[in-house]
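Participant: This one is run_28.cif, mmCIF, C-alpha atoms and all ligand atoms.
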```
data_protein
#
loop_
_atom_site.group_PDB
_atom_site.id
_atom_site.type_symbol
_atom_site.label_atom_id
_atom_site.label_comp_id
_atom_site.auth_asym_id
_atom_site.auth_seq_id
_atom_site.Cartn_x
_atom_site.Cartn_y
_atom_site.Cartn_z
ATOM 1 C CA MET A 1402 -21.624 22.045 -29.793
ATOM 2 C CA PHE A 1403 -21.501 24.219 -26.693
ATOM 3 C CA ALA A 1404 -19.436 26.974 -25.097
ATOM 4 C CA GLU A 1405 -17.690 26.538 -21.771
ATOM 5 C CA LEU A 1406 -17.841 29.303 -19.188
ATOM 6 C CA THR A 1407 -15.477 29.049 -16.209
ATOM 7 C CA ILE A 1408 -16.099 31.316 -13.240
ATOM 8 C CA LEU A 1409 -12.878 32.842 -11.891
ATOM 9 C CA GLY A 1410 -14.447 35.194 -9.360
ATOM 10 C CA ASN A 1411 -17.951 35.908 -8.046
ATOM 11 C CA ASN A 1412 -17.434 38.463 -5.278
ATOM 12 C CA SER A 1413 -17.990 42.198 -5.394
ATOM 13 C CA ALA A 1414 -15.752 45.068 -4.252
ATOM 14 C CA ALA A 1415 -12.958 43.244 -2.368
ATOM 15 C CA PRO A 1416 -11.812 39.619 -2.270
ATOM 16 C CA THR A 1417 -12.728 37.433 0.714
ATOM 17 C CA LYS A 1418 -11.010 34.316 2.070
ATOM 18 C CA THR A 1419 -12.984 32.166 -0.317
ATOM 19 C CA ARG A 1420 -14.201 34.431 -3.100
ATOM 20 C CA ASN A 1421 -12.362 36.361 -5.764
ATOM 21 C CA GLN A 1422 -13.329 39.519 -7.649
ATOM 22 C CA SER A 1423 -15.030 39.388 -11.066
ATOM 23 C CA GLY A 1424 -13.576 37.299 -13.872
ATOM 24 C CA GLN A 1425 -15.020 34.725 -16.296
ATOM 25 C CA HIS A 1426 -13.392 32.691 -19.040
ATOM 26 C CA PHE A 1427 -15.475 31.840 -22.119
ATOM 27 C CA LYS A 1428 -14.373 29.244 -24.658
ATOM 28 C CA LEU A 1429 -16.198 28.430 -27.874
ATOM 29 C CA ASP A 1430 -14.368 26.294 -30.405
ATOM 30 C CA GLN A 1431 -11.225 28.252 -31.378
ATOM 31 C CA ASP A 1432 -12.207 31.436 -29.531
ATOM 32 C CA GLN A 1433 -11.357 32.305 -25.946
ATOM 33 C CA LEU A 1434 -12.568 35.440 -24.183
ATOM 34 C CA LEU A 1435 -12.271 36.914 -20.729
ATOM 35 C CA PHE A 1436 -15.085 38.882 -19.107
ATOM 36 C CA ASP A 1437 -13.625 41.349 -16.597
ATOM 37 C CA CYS A 1438 -10.291 40.895 -14.894
ATOM 38 C CA GLY A 1439 -10.412 41.627 -11.173
ATOM 39 C CA GLU A 1440 -7.281 41.270 -9.069
ATOM 40 C CA GLY A 1441 -6.346 37.599 -8.786
ATOM 41 C CA THR A 1442 -7.867 36.624 -12.134
ATOM 42 C CA GLN A 1443 -4.593 35.405 -13.657
ATOM 43 C CA LYS A 1444 -3.965 33.207 -10.622
ATOM 44 C CA ARG A 1445 -7.428 31.701 -11.064
ATOM 45 C CA LEU A 1446 -6.769 31.120 -14.757
ATOM 46 C CA ILE A 1447 -3.630 29.191 -13.825
ATOM 47 C CA THR A 1448 -5.381 27.226 -11.065
ATOM 48 C CA ASN A 1449 -8.091 26.256 -13.527
ATOM 49 C CA ARG A 1450 -5.441 25.177 -16.054
ATOM 50 C CA ILE A 1451 -6.569 27.703 -18.663
ATOM 51 C CA ASN A 1452 -3.984 28.772 -21.222
ATOM 52 C CA TYR A 1453 -4.348 32.550 -20.961
ATOM 53 C CA GLN A 1454 -2.162 33.046 -24.062
ATOM 54 C CA LYS A 1455 -5.077 31.772 -26.131
ATOM 55 C CA ILE A 1456 -7.422 34.526 -24.926
ATOM 56 C CA SER A 1457 -7.906 36.891 -27.844
ATOM 57 C CA TYR A 1458 -10.559 39.253 -26.437
ATOM 58 C CA ILE A 1459 -10.915 40.782 -22.978
ATOM 59 C CA LEU A 1460 -14.231 42.530 -22.312
ATOM 60 C CA ILE A 1461 -14.185 44.927 -19.369
ATOM 61 C CA SER A 1462 -17.576 46.014 -18.007
ATOM 62 C CA HIS A 1463 -16.353 49.145 -16.209
ATOM 63 C CA LEU A 1464 -13.383 50.725 -14.545
ATOM 64 C CA HIS A 1465 -14.139 49.959 -10.905
ATOM 65 C CA GLY A 1466 -11.154 48.207 -9.360
ATOM 66 C CA ASP A 1467 -12.884 44.868 -8.757
ATOM 67 C CA HIS A 1468 -13.400 44.485 -12.527
ATOM 68 C CA PHE A 1469 -10.091 45.512 -14.058
ATOM 69 C CA LEU A 1470 -7.219 45.831 -11.576
ATOM 70 C CA GLY A 1471 -5.960 42.363 -12.485
ATOM 71 C CA LEU A 1472 -5.505 43.352 -16.109
ATOM 72 C CA MET A 1473 -1.998 44.864 -15.998
ATOM 73 C CA GLY A 1474 -0.733 41.808 -14.085
ATOM 74 C CA LEU A 1475 -2.157 39.481 -16.709
ATOM 75 C CA LEU A 1476 -0.744 41.546 -19.602
ATOM 76 C CA ASN A 1477 2.646 41.556 -17.874
ATOM 77 C CA THR A 1478 2.646 37.760 -17.539
ATOM 78 C CA MET A 1479 1.526 37.303 -21.149
ATOM 79 C CA ALA A 1480 4.546 39.369 -22.287
ATOM 80 C CA LEU A 1481 6.961 37.682 -19.867
ATOM 81 C CA ASN A 1482 5.984 34.368 -21.399
ATOM 82 C CA GLY A 1483 6.621 35.642 -24.913
ATOM 83 C CA ARG A 1484 3.125 36.103 -26.283
ATOM 84 C CA ARG A 1485 3.113 37.076 -29.955
ATOM 85 C CA SER A 1486 -0.556 37.014 -30.939
ATOM 86 C CA LYS A 1487 -2.650 40.169 -30.894
ATOM 87 C CA LEU A 1488 -5.004 40.868 -28.003
ATOM 88 C CA THR A 1489 -8.112 43.045 -28.267
ATOM 89 C CA ILE A 1490 -9.510 44.709 -25.160
ATOM 90 C CA VAL A 1491 -12.972 46.293 -25.171
ATOM 91 C CA ALA A 1492 -13.553 48.673 -22.261
ATOM 92 C CA PRO A 1493 -15.141 51.975 -21.301
ATOM 93 C CA LYS A 1494 -13.208 55.132 -22.087
ATOM 94 C CA GLY A 1495 -10.235 55.651 -19.780
ATOM 95 C CA LEU A 1496 -8.545 52.273 -20.017
ATOM 96 C CA LYS A 1497 -6.161 53.393 -22.718
ATOM 97 C CA ARG A 1498 -4.876 56.225 -20.537
ATOM 98 C CA PHE A 1499 -4.431 53.819 -17.604
ATOM 99 C CA TYR A 1500 -2.557 51.370 -19.833
ATOM 100 C CA ASP A 1501 -0.306 54.096 -21.273
ATOM 101 C CA VAL A 1502 0.684 55.225 -17.748
ATOM 102 C CA TYR A 1503 1.420 51.609 -16.831
ATOM 103 C CA LEU A 1504 3.611 51.171 -19.923
ATOM 104 C CA GLU A 1505 5.448 54.413 -19.326
ATOM 105 C CA THR A 1506 6.044 54.040 -15.596
ATOM 106 C CA SER A 1507 6.953 50.358 -15.571
ATOM 107 C CA ALA A 1508 8.921 50.377 -18.826
ATOM 108 C CA ALA A 1509 7.029 47.154 -19.526
ATOM 109 C CA HIS A 1510 8.393 45.107 -22.379
ATOM 110 C CA GLN A 1511 5.528 44.423 -24.797
ATOM 111 C CA THR A 1512 5.924 41.400 -27.032
ATOM 112 C CA PHE A 1513 2.512 41.560 -28.714
ATOM 113 C CA ASP A 1514 0.049 44.050 -30.166
ATOM 114 C CA ILE A 1515 -2.792 45.275 -28.011
ATOM 115 C CA ASP A 1516 -5.808 46.913 -29.576
ATOM 116 C CA ILE A 1517 -7.896 48.786 -27.012
ATOM 117 C CA ILE A 1518 -11.410 49.577 -28.219
ATOM 118 C CA GLU A 1519 -12.799 52.282 -25.953
ATOM 119 C CA LEU A 1520 -16.556 52.602 -25.625
ATOM 120 C CA GLU A 1521 -18.172 55.997 -25.380
ATOM 121 C CA ASP A 1522 -20.921 56.526 -22.778
ATOM 122 C CA GLU A 1523 -24.304 55.340 -23.931
ATOM 123 C CA SER A 1524 -22.963 53.736 -27.093
ATOM 124 C CA THR A 1525 -24.532 50.450 -28.168
ATOM 125 C CA GLY A 1526 -22.793 48.542 -30.890
ATOM 126 C CA THR A 1527 -21.189 45.348 -32.055
ATOM 127 C CA VAL A 1528 -17.574 44.343 -32.520
ATOM 128 C CA GLU A 1529 -17.533 41.772 -35.298
ATOM 129 C CA THR A 1530 -14.927 39.014 -35.268
ATOM 130 C CA PRO A 1531 -14.759 36.171 -37.814
ATOM 131 C CA ARG A 1532 -16.683 33.735 -35.601
ATOM 132 C CA LEU A 1533 -18.284 35.888 -32.899
ATOM 133 C CA HIS A 1534 -20.323 39.069 -32.619
ATOM 134 C CA ILE A 1535 -19.653 40.971 -29.408
ATOM 135 C CA THR A 1536 -22.391 43.472 -28.593
ATOM 136 C CA HIS A 1537 -22.020 46.105 -25.879
ATOM 137 C CA ILE A 1538 -25.028 47.677 -24.192
ATOM 138 C CA PRO A 1539 -24.762 50.479 -21.610
ATOM 139 C CA VAL A 1540 -26.260 49.727 -18.171
ATOM 140 C CA SER A 1541 -26.798 52.023 -15.162
ATOM 141 C CA HIS A 1542 -24.045 52.097 -12.561
ATOM 142 C CA ARG A 1543 -22.062 54.821 -10.783
ATOM 143 C CA VAL A 1544 -19.586 55.031 -13.673
ATOM 144 C CA SER A 1545 -19.839 54.198 -17.368
ATOM 145 C CA CYS A 1546 -20.629 50.458 -17.462
ATOM 146 C CA PHE A 1547 -21.490 47.974 -20.202
ATOM 147 C CA ALA A 1548 -23.206 44.619 -20.468
ATOM 148 C CA TYR A 1549 -22.012 42.302 -23.233
ATOM 149 C CA ILE A 1550 -23.632 39.726 -25.467
ATOM 150 C CA VAL A 1551 -21.384 37.242 -27.245
ATOM 151 C CA GLN A 1552 -23.067 35.499 -30.144
ATOM 152 C CA GLN A 1553 -21.668 32.815 -32.383
ATOM 153 C CA VAL A 1554 -21.760 33.612 -36.084
ATOM 154 C CA VAL A 1555 -23.376 30.583 -37.653
ATOM 155 C CA THR A 1556 -23.633 30.579 -41.387
ATOM 156 C CA LYS A 1557 -23.167 26.940 -42.328
ATOM 157 C CA ARG A 1558 -26.300 24.985 -43.188
ATOM 158 C CA HIS A 1559 -26.523 21.278 -42.323
ATOM 159 C CA ILE A 1560 -26.276 18.712 -45.119
ATOM 160 C CA ASN A 1561 -29.339 16.489 -45.405
ATOM 161 C CA VAL A 1562 -27.455 13.296 -46.288
ATOM 162 C CA GLU A 1563 -30.575 11.332 -47.160
ATOM 163 C CA SER A 1564 -31.816 13.955 -49.599
ATOM 164 C CA CYS A 1565 -28.324 14.403 -51.111
ATOM 165 C CA ASN A 1566 -28.089 10.638 -51.733
ATOM 166 C CA GLU A 1567 -31.535 10.602 -53.247
ATOM 167 C CA HIS A 1568 -30.533 13.376 -55.677
ATOM 168 C CA ASN A 1569 -27.071 11.866 -56.345
ATOM 169 C CA VAL A 1570 -25.235 14.927 -55.050
ATOM 170 C CA PRO A 1571 -21.494 14.201 -54.841
ATOM 171 C CA ASN A 1572 -19.534 14.908 -51.627
ATOM 172 C CA HIS A 1573 -17.446 17.625 -53.243
ATOM 173 C CA ALA A 1574 -20.581 19.769 -53.623
ATOM 174 C CA PHE A 1575 -21.287 19.783 -49.868
ATOM 175 C CA ALA A 1576 -19.156 22.819 -49.006
ATOM 176 C CA ALA A 1577 -21.064 25.038 -51.458
ATOM 177 C CA LEU A 1578 -24.366 23.631 -50.189
ATOM 178 C CA GLN A 1579 -23.391 24.470 -46.592
ATOM 179 C CA ASP A 1580 -22.759 28.049 -47.740
ATOM 180 C CA GLY A 1581 -26.312 28.205 -49.099
ATOM 181 C CA HIS A 1582 -25.759 27.664 -52.828
ATOM 182 C CA ASP A 1583 -28.129 25.610 -54.957
ATOM 183 C CA TYR A 1584 -26.838 22.452 -56.645
ATOM 184 C CA ILE A 1585 -26.762 22.149 -60.422
ATOM 185 C CA ASP A 1586 -26.379 18.590 -61.701
ATOM 186 C CA LYS A 1587 -24.546 17.404 -64.851
ATOM 187 C CA SER A 1588 -27.645 17.866 -67.017
ATOM 188 C CA GLY A 1589 -27.983 21.458 -65.836
ATOM 189 C CA ASN A 1590 -30.961 20.870 -63.524
ATOM 190 C CA ARG A 1591 -31.025 23.141 -60.496
ATOM 191 C CA ILE A 1592 -31.936 21.666 -57.103
ATOM 192 C CA ASN A 1593 -32.820 24.259 -54.489
ATOM 193 C CA ASN A 1594 -30.528 24.444 -51.464
ATOM 194 C CA GLU A 1595 -33.501 24.031 -49.065
ATOM 195 C CA VAL A 1596 -34.171 20.583 -50.552
ATOM 196 C CA LEU A 1597 -30.637 19.363 -49.810
ATOM 197 C CA THR A 1598 -29.855 21.073 -46.509
ATOM 198 C CA ASP A 1599 -31.393 21.932 -43.147
ATOM 199 C CA PRO A 1600 -31.137 25.369 -41.543
ATOM 200 C CA ALA A 1601 -27.988 26.296 -39.610
ATOM 201 C CA SER A 1602 -28.037 25.618 -35.844
ATOM 202 C CA LYS A 1603 -29.239 28.285 -33.439
ATOM 203 C CA PRO A 1604 -26.193 30.375 -32.527
ATOM 204 C CA ILE A 1605 -24.682 29.944 -29.066
ATOM 205 C CA THR A 1606 -25.341 33.191 -27.190
ATOM 206 C CA TYR A 1607 -24.237 34.393 -23.764
ATOM 207 C CA GLY A 1608 -25.139 37.610 -21.928
ATOM 208 C CA TYR A 1609 -22.996 39.185 -19.205
ATOM 209 C CA ILE A 1610 -24.627 41.843 -17.020
ATOM 210 C CA THR A 1611 -22.825 43.168 -13.990
ATOM 211 C CA ASP A 1612 -22.882 46.253 -11.785
ATOM 212 C CA THR A 1613 -26.171 47.854 -12.630
ATOM 213 C CA ILE A 1614 -29.442 48.828 -11.075
ATOM 214 C CA TYR A 1615 -32.279 46.584 -12.223
ATOM 215 C CA ARG A 1616 -32.974 47.337 -15.883
ATOM 216 C CA PRO A 1617 -36.029 45.292 -16.940
ATOM 217 C CA ASP A 1618 -36.196 47.447 -20.078
ATOM 218 C CA LEU A 1619 -33.105 45.604 -21.335
ATOM 219 C CA ALA A 1620 -34.638 42.115 -20.995
ATOM 220 C CA GLU A 1621 -35.753 42.065 -24.618
ATOM 221 C CA ALA A 1622 -32.195 42.648 -25.842
ATOM 222 C CA PHE A 1623 -31.118 39.472 -23.983
ATOM 223 C CA ALA A 1624 -34.125 37.365 -24.958
ATOM 224 C CA HIS A 1625 -32.151 35.379 -27.546
ATOM 225 C CA CYS A 1626 -29.432 34.384 -25.017
ATOM 226 C CA HIS A 1627 -29.266 30.784 -23.867
ATOM 227 C CA THR A 1628 -27.576 31.836 -20.621
ATOM 228 C CA VAL A 1629 -27.371 35.185 -18.858
ATOM 229 C CA TYR A 1630 -25.106 36.093 -15.973
ATOM 230 C CA HIS A 1631 -26.695 38.822 -13.848
ATOM 231 C CA GLU A 1632 -25.176 40.465 -10.831
ATOM 232 C CA ALA A 1633 -26.990 39.839 -7.530
ATOM 233 C CA THR A 1634 -24.956 41.868 -5.072
ATOM 234 C CA TYR A 1635 -27.656 42.024 -2.372
ATOM 235 C CA LEU A 1636 -30.706 40.219 -1.052
ATOM 236 C CA HIS A 1637 -34.115 41.863 -1.309
ATOM 237 C CA ASN A 1638 -34.043 43.194 2.275
ATOM 238 C CA LEU A 1639 -31.210 45.522 1.201
ATOM 239 C CA ILE A 1640 -32.987 46.828 -1.902
ATOM 240 C CA ASP A 1641 -32.553 50.434 -0.726
ATOM 241 C CA ARG A 1642 -28.821 49.912 -0.585
ATOM 242 C CA ALA A 1643 -28.909 48.252 -4.013
ATOM 243 C CA ILE A 1644 -30.640 51.299 -5.488
ATOM 244 C CA LYS A 1645 -28.302 53.734 -3.709
ATOM 245 C CA THR A 1646 -25.135 51.970 -4.864
ATOM 246 C CA LYS A 1647 -26.627 51.125 -8.279
ATOM 247 C CA HIS A 1648 -26.600 47.379 -7.923
ATOM 248 C CA SER A 1649 -29.234 44.621 -8.152
ATOM 249 C CA THR A 1650 -30.736 42.068 -5.795
ATOM 250 C CA ALA A 1651 -30.966 38.311 -6.325
ATOM 251 C CA GLU A 1652 -34.732 38.679 -6.749
ATOM 252 C CA GLN A 1653 -34.232 41.244 -9.511
ATOM 253 C CA ALA A 1654 -31.728 38.990 -11.283
ATOM 254 C CA GLY A 1655 -34.389 36.255 -11.261
ATOM 255 C CA LEU A 1656 -37.048 38.657 -12.520
ATOM 256 C CA PHE A 1657 -34.754 39.772 -15.340
ATOM 257 C CA ALA A 1658 -34.179 36.183 -16.496
ATOM 258 C CA GLN A 1659 -37.905 35.466 -16.273
ATOM 259 C CA LYS A 1660 -38.680 38.530 -18.369
ATOM 260 C CA ALA A 1661 -35.970 37.701 -20.931
ATOM 261 C CA SER A 1662 -37.131 34.074 -20.898
ATOM 262 C CA VAL A 1663 -33.603 32.663 -21.165
ATOM 263 C CA ASN A 1664 -32.727 29.006 -20.547
ATOM 264 C CA GLN A 1665 -30.332 29.495 -17.667
ATOM 265 C CA LEU A 1666 -29.369 32.243 -15.217
ATOM 266 C CA LEU A 1667 -26.069 32.501 -13.355
ATOM 267 C CA ILE A 1668 -25.848 34.940 -10.457
ATOM 268 C CA GLY A 1669 -22.781 36.428 -8.787
ATOM 269 C CA HIS A 1670 -20.976 39.607 -7.686
ATOM 270 C CA PHE A 1671 -22.013 38.899 -4.096
ATOM 271 C CA SER A 1672 -21.406 41.427 -1.358
ATOM 272 C CA SER A 1673 -18.666 40.358 1.071
ATOM 273 C CA ARG A 1674 -21.210 40.584 3.920
ATOM 274 C CA TYR A 1675 -22.689 37.235 2.815
ATOM 275 C CA HIS A 1676 -20.732 34.203 3.947
ATOM 276 C CA ASN A 1677 -22.815 31.860 1.875
ATOM 277 C CA THR A 1678 -25.083 32.369 -1.094
ATOM 278 C CA ASP A 1679 -27.947 29.981 -0.268
ATOM 279 C CA ASP A 1680 -30.427 32.807 0.246
ATOM 280 C CA HIS A 1681 -29.425 34.447 -3.038
ATOM 281 C CA LEU A 1682 -30.175 31.199 -4.817
ATOM 282 C CA LYS A 1683 -33.573 30.784 -3.091
ATOM 283 C CA GLU A 1684 -34.570 34.377 -3.768
ATOM 284 C CA SER A 1685 -33.686 34.219 -7.447
ATOM 285 C CA GLN A 1686 -35.148 30.742 -7.961
ATOM 286 C CA ALA A 1687 -38.481 31.969 -6.555
ATOM 287 C CA GLN A 1688 -38.669 34.144 -9.704
ATOM 288 C CA PHE A 1689 -36.701 31.979 -12.107
ATOM 289 C CA PRO A 1690 -36.208 28.301 -11.166
ATOM 290 C CA GLU A 1691 -33.332 27.739 -13.634
ATOM 291 C CA THR A 1692 -30.994 29.910 -11.542
ATOM 292 C CA LEU A 1693 -27.530 28.687 -10.601
ATOM 293 C CA ILE A 1694 -24.906 30.284 -8.398
ATOM 294 C CA ALA A 1695 -21.875 31.172 -10.558
ATOM 295 C CA GLU A 1696 -19.534 29.071 -8.409
ATOM 296 C CA GLU A 1697 -15.842 29.858 -8.638
ATOM 297 C CA GLY A 1698 -13.870 27.134 -10.352
ATOM 298 C CA GLU A 1699 -16.997 25.654 -11.934
ATOM 299 C CA THR A 1700 -17.438 25.399 -15.699
ATOM 300 C CA TYR A 1701 -20.912 25.803 -17.201
ATOM 301 C CA ARG A 1702 -22.073 24.691 -20.614
ATOM 302 C CA ILE A 1703 -23.824 27.219 -22.821
ATOM 303 C CA TYR A 1704 -25.747 26.040 -25.872
HETATM 304 ZN ZN ZN B 1801 -18.202 45.421 -8.984
HETATM 305 ZN ZN ZN B 1802 -18.860 48.737 -9.967
#
```
So that I can check it, write out the structure of this file as structure tokens.

Facilitator:
Amino acid sequence: MFAELTILGNNSAAPTKTRNQSGQHFKLDQDQLLFDCGEGTQKRLITNRINYQKISYILISHLHGDHFLGLMGLLNTMALNGRRSKLTIVAPKGLKRFYDVYLETSAAHQTFDIDIIELEDESTGTVETPRLHITHIPVSHRVSCFAYIVQQVVTKRHINVESCNEHNVPNHAFAALQDGHDYIDKSGNRINNEVLTDPASKPITYGYITDTIYRPDLAEAFAHCHTVYHEATYLHNLIDRAIKTKHSTAEQAGLFAQKASVNQLLIGHFSSRYHNTDDHLKESQAQFPETLIAEEGETYRIY
């Protein structure tokens, strides 16, 4: 089992001829999420043949235009096409006010419920859904900004078929075994769950970190992630600018992944001044070889 992450935009600030502003689509089994929603995101969802009506959570890092100005357009299209299912949006404080003004001024016709969870500055916490835990961690940018960790909730243990056969455990007992219960046979003998099952799989975990100065102190919080996306707005020779504008360099993204010891690093949020991202890749790979450019239109597997 794996999650699929499709990159809808990897540029910072403003779109270029070839690159779009921030947006990522995450799909794991029945759950679909969107990370950020820069202008043009809904068009990219359509181009990538993603059914946006199935997105149930939208996680907004912060309220700079390149991360959320596509949101009202997407909500409008969802309603136009008759969406009925509830949508939850997690975002820093302020989004609700923006959305209320949009509703009031455009007299938008809403066909579905929207639950906006606003995050207070400096609050760390977890939104629990039936199959996913969504953790938000404040980072350091020019406005209130959050990184997210999405972690699969895995509770089912794996049936050890060989051992079950050996102990004559019938198939109808498997569901209870997967939930961790012991098996009691017809004669009343208890067989411990650990004898009949193997531990549940490692949960699929993805970390999304954008628009922040380098925060190596957060590496530990992301250490359990298989894949981390880290912004890499600048190259190292513009580190002063990165610090001033509260962004990171490609080298720092690589150092973060090395420190967190994740399996895979995706980098993006490139400044429009760069026409290609070869140097970003080289710079990050020098610190963390398993770096990939988060290429728009590409889908990455996360285990
Ligand atoms: Zn940005
Ligand atoms: Zn920003």

Participant: To one decimal place in Å, what is the distance between atom CA of A:Leu1682 and atom CA of A:Ala1651?

Facilitator: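 Value for the atom CA of A:Leu1682-atom CA of A:Ala1651 distance: 7.3 Å.
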
Participant: Let me know the residues the PyMOL selection byres (((chain A and resi 1559) around 9) and not hetatm) catches in the file above, as a compact mmCIF listing (two decimals) with C-alpha atoms, in the frame of the given file.

Facilitator:
```txt
# COMPACT_ATOMS: atom_id res chain seq x y z
CA LYS A 1557 -23.17 26.94 -42.33
CA ARG A 1558 -26.30 24.98 -43.19
CA ILE A 1560 -26.28 18.71 -45.12
CA ASN A 1561 -29.34 16.49 -45.40
CA VAL A 1562 -27.46 13.30 -46.29
CA LEU A 1578 -24.37 23.63 -50.19
CA GLN A 1579 -23.39 24.47 -46.59
CA LEU A 1597 -30.64 19.36 -49.81
CA THR A 1598 -29.86 21.07 -46.51
CA ASP A 1599 -31.39 21.93 -43.15
CA PRO A 1600 -31.14 25.37 -41.54
CA ALA A 1601 -27.99 26.30 -39.61
CA SER A 1602 -28.04 25.62 -35.84
```

Participant: Do you know which residues are at most 12 Å from A:Asn1677 counting only C-alpha atoms, after dropping those on the same chain fewer than 3 positions away, and could you put them as a count of residues only?

Facilitator: 17

Participant: Which residues sit within 7 Å of ligand ZN 1801 (chain B), counting all atoms listed in the file, listed as a ChimeraX atom specification?

Facilitator: /A:1413-1414,1465,1467-1468,1612,1670

Participant: Once the PyMOL selection byres (((chain A and resi 1441) around 12) and not hetatm) is applied to the coordinates I shared, what remains selected? I want it as a PyMOL selection string.

Facilitator: chain A and resi 1409-1412+1415-1417+1420-1425+1437-1440+1442-1448+1466-1475

Participant: Work out how far atom CA of A:Thr1527 is from atom CA of A:Phe1427, in Å to one decimal.

Facilitator: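 Computed distance, atom CA of A:Phe1427 to atom CA of A:Thr1527, equals 17.7 Å.
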
Participant: I'd like the contact shell of A:Gln1688 - 10 Å cut-off, only C-alpha atoms, skipping same-chain residues fewer than 4 positions apart - returned as a PyMOL selection string.

Facilitator: chain A and resi 1651-1660+1683-1684+1692

Participant: Write out the residues from the selection above, keeping C-alpha atoms, as a PDB file, in the frame of the given file.

Facilitator:
```
ATOM      1  CA  ALA A1651     -30.966  38.311  -6.325  1.00  0.00           C
ATOM      2  CA  GLU A1652     -34.732  38.679  -6.749  1.00  0.00           C
ATOM      3  CA  GLN A1653     -34.232  41.244  -9.511  1.00  0.00           C
ATOM      4  CA  ALA A1654     -31.728  38.990 -11.283  1.00  0.00           C
ATOM      5  CA  GLY A1655     -34.389  36.255 -11.261  1.00  0.00           C
ATOM      6  CA  LEU A1656     -37.048  38.657 -12.520  1.00  0.00           C
ATOM      7  CA  PHE A1657     -34.754  39.772 -15.340  1.00  0.00           C
ATOM      8  CA  ALA A1658     -34.179  36.183 -16.496  1.00  0.00           C
ATOM      9  CA  GLN A1659     -37.905  35.466 -16.273  1.00  0.00           C
ATOM     10  CA  LYS A1660     -38.680  38.530 -18.369  1.00  0.00           C
ATOM     11  CA  LYS A1683     -33.573  30.784  -3.091  1.00  0.00           C
ATOM     12  CA  GLU A1684     -34.570  34.377  -3.768  1.00  0.00           C
ATOM     13  CA  THR A1692     -30.994  29.910 -11.542  1.00  0.00           C
TER      14      THR A1692
END
```

Participant: Return the single residue from A:Val1570, A:Ala1624, A:Ile1515, A:Val1502 that is closest to A:Leu1476, with distances computed using all atoms listed in the file.

Facilitator: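 Ranked by minimum distance to A:Leu1476, first place goes to A:Ile1515.
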
Participant: For a cut-off of 7 Å around (-12.8, 44.6, -27.2), file coordinates, pick out all residues using only C-alpha atoms and list them as a ChimeraX atom specification.

Facilitator: /A:1458-1460,1489-1492,1517-1518

Participant: Could you write those residues out with C-alpha atoms, as a PDB file, in the coordinates of the input?

Facilitator:
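Result file result39.pdb:
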```
ATOM      1  CA  TYR A1458     -10.559  39.253 -26.437  1.00  0.00           C
ATOM      2  CA  ILE A1459     -10.915  40.782 -22.978  1.00  0.00           C
ATOM      3  CA  LEU A1460     -14.231  42.530 -22.312  1.00  0.00           C
ATOM      4  CA  THR A1489      -8.112  43.045 -28.267  1.00  0.00           C
ATOM      5  CA  ILE A1490      -9.510  44.709 -25.160  1.00  0.00           C
ATOM      6  CA  VAL A1491     -12.972  46.293 -25.171  1.00  0.00           C
ATOM      7  CA  ALA A1492     -13.553  48.673 -22.261  1.00  0.00           C
ATOM      8  CA  ILE A1517      -7.896  48.786 -27.012  1.00  0.00           C
ATOM      9  CA  ILE A1518     -11.410  49.577 -28.219  1.00  0.00           C
TER      10      ILE A1518
END
```

Participant: Quick one: which residues end up in the PyMOL selection byres (((chain A and resi 1592) around 12) and not hetatm) for this structure, as number ranges by chain?

Facilitator: A: 1564-1565, 1567-1570, 1578, 1581-1591, 1593-1598

Participant: Show which residues sit within 7 Å of stretch 1539-1548 of chain A, as a VMD selection string. Count all atoms listed in the file, and ignore same-chain residues fewer than 6 positions away.

Facilitator: chain A and resid 1462 to 1463 1493 1522 to 1525 1609 to 1614 1647

Participant: Identify which of the residues A:Ile1461, A:Ala1622, A:Ala1509, A:Ile1451 lies closest to ligand ZN 1802 (chain B), counting all atoms listed in the file when measuring atom-to-atom distances.

Facilitator: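 Between A:Ile1461, A:Ala1622, A:Ala1509, A:Ile1451, the residue approaching ligand ZN 1802 (chain B) most closely is A:Ile1461.
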
Participant: What is the atom CA of A:Thr1628 to atom CA of A:Tyr1704 distance in Å?

Facilitator: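 Separation of atom CA of A:Thr1628 and atom CA of A:Tyr1704: 8.0 Å.
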
Participant: Pick from A:Thr1606, A:Asn1664, A:Thr1646, A:Gln1686: nearest to ligand ZN 1802 (chain B), with all atoms listed in the file counted?

Facilitator: A:Thr1646

Participant: Which residue out of A:Asn1482, A:Asn1452, A:Thr1556, A:Ser1662 has the minimum interatomic distance to A:Ala1620 when all atoms listed in the file are used?

Facilitator: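 So, comparing all the options, the nearest one is A:Ser1662.
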
Participant: Kindly indicate which residue among A:His1534, A:His1637, A:Arg1702, A:His1648 lies nearest to ligand ZN 1802 (chain B), using only C-alpha atoms and all ligand atoms for the distances.

Facilitator: A:His1648

Participant: My list of candidates is A:Gly1698, A:Val1528, A:Ile1668, A:Thr1634. Which is closest to ligand ZN 1802 (chain B) when distances are computed with only C-alpha atoms and all ligand atoms?

Facilitator: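 Among the listed residues, the smallest separation from ligand ZN 1802 (chain B) belongs to A:Thr1634.
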
Participant: Can you pull stretch 1470-1480 of chain A out of that block with C-alpha atoms and hand it back as a compact mmCIF listing (two decimals), in the first residue's frame?

Facilitator:
```
# COMPACT_ATOMS: atom_id res chain seq x y z
CA LEU A 1470 -5.89 32.52 -3.62
CA GLY A 1471 -7.10 29.58 -5.71
CA LEU A 1472 -9.36 28.37 -2.92
CA MET A 1473 -12.49 30.45 -3.60
CA GLY A 1474 -12.36 29.46 -7.29
CA LEU A 1475 -12.18 25.79 -6.37
CA LEU A 1476 -15.02 26.08 -3.82
CA ASN A 1477 -17.11 27.88 -6.43
CA THR A 1478 -16.59 25.11 -8.99
CA MET A 1479 -17.33 22.40 -6.41
CA ALA A 1480 -20.71 24.08 -5.72
```
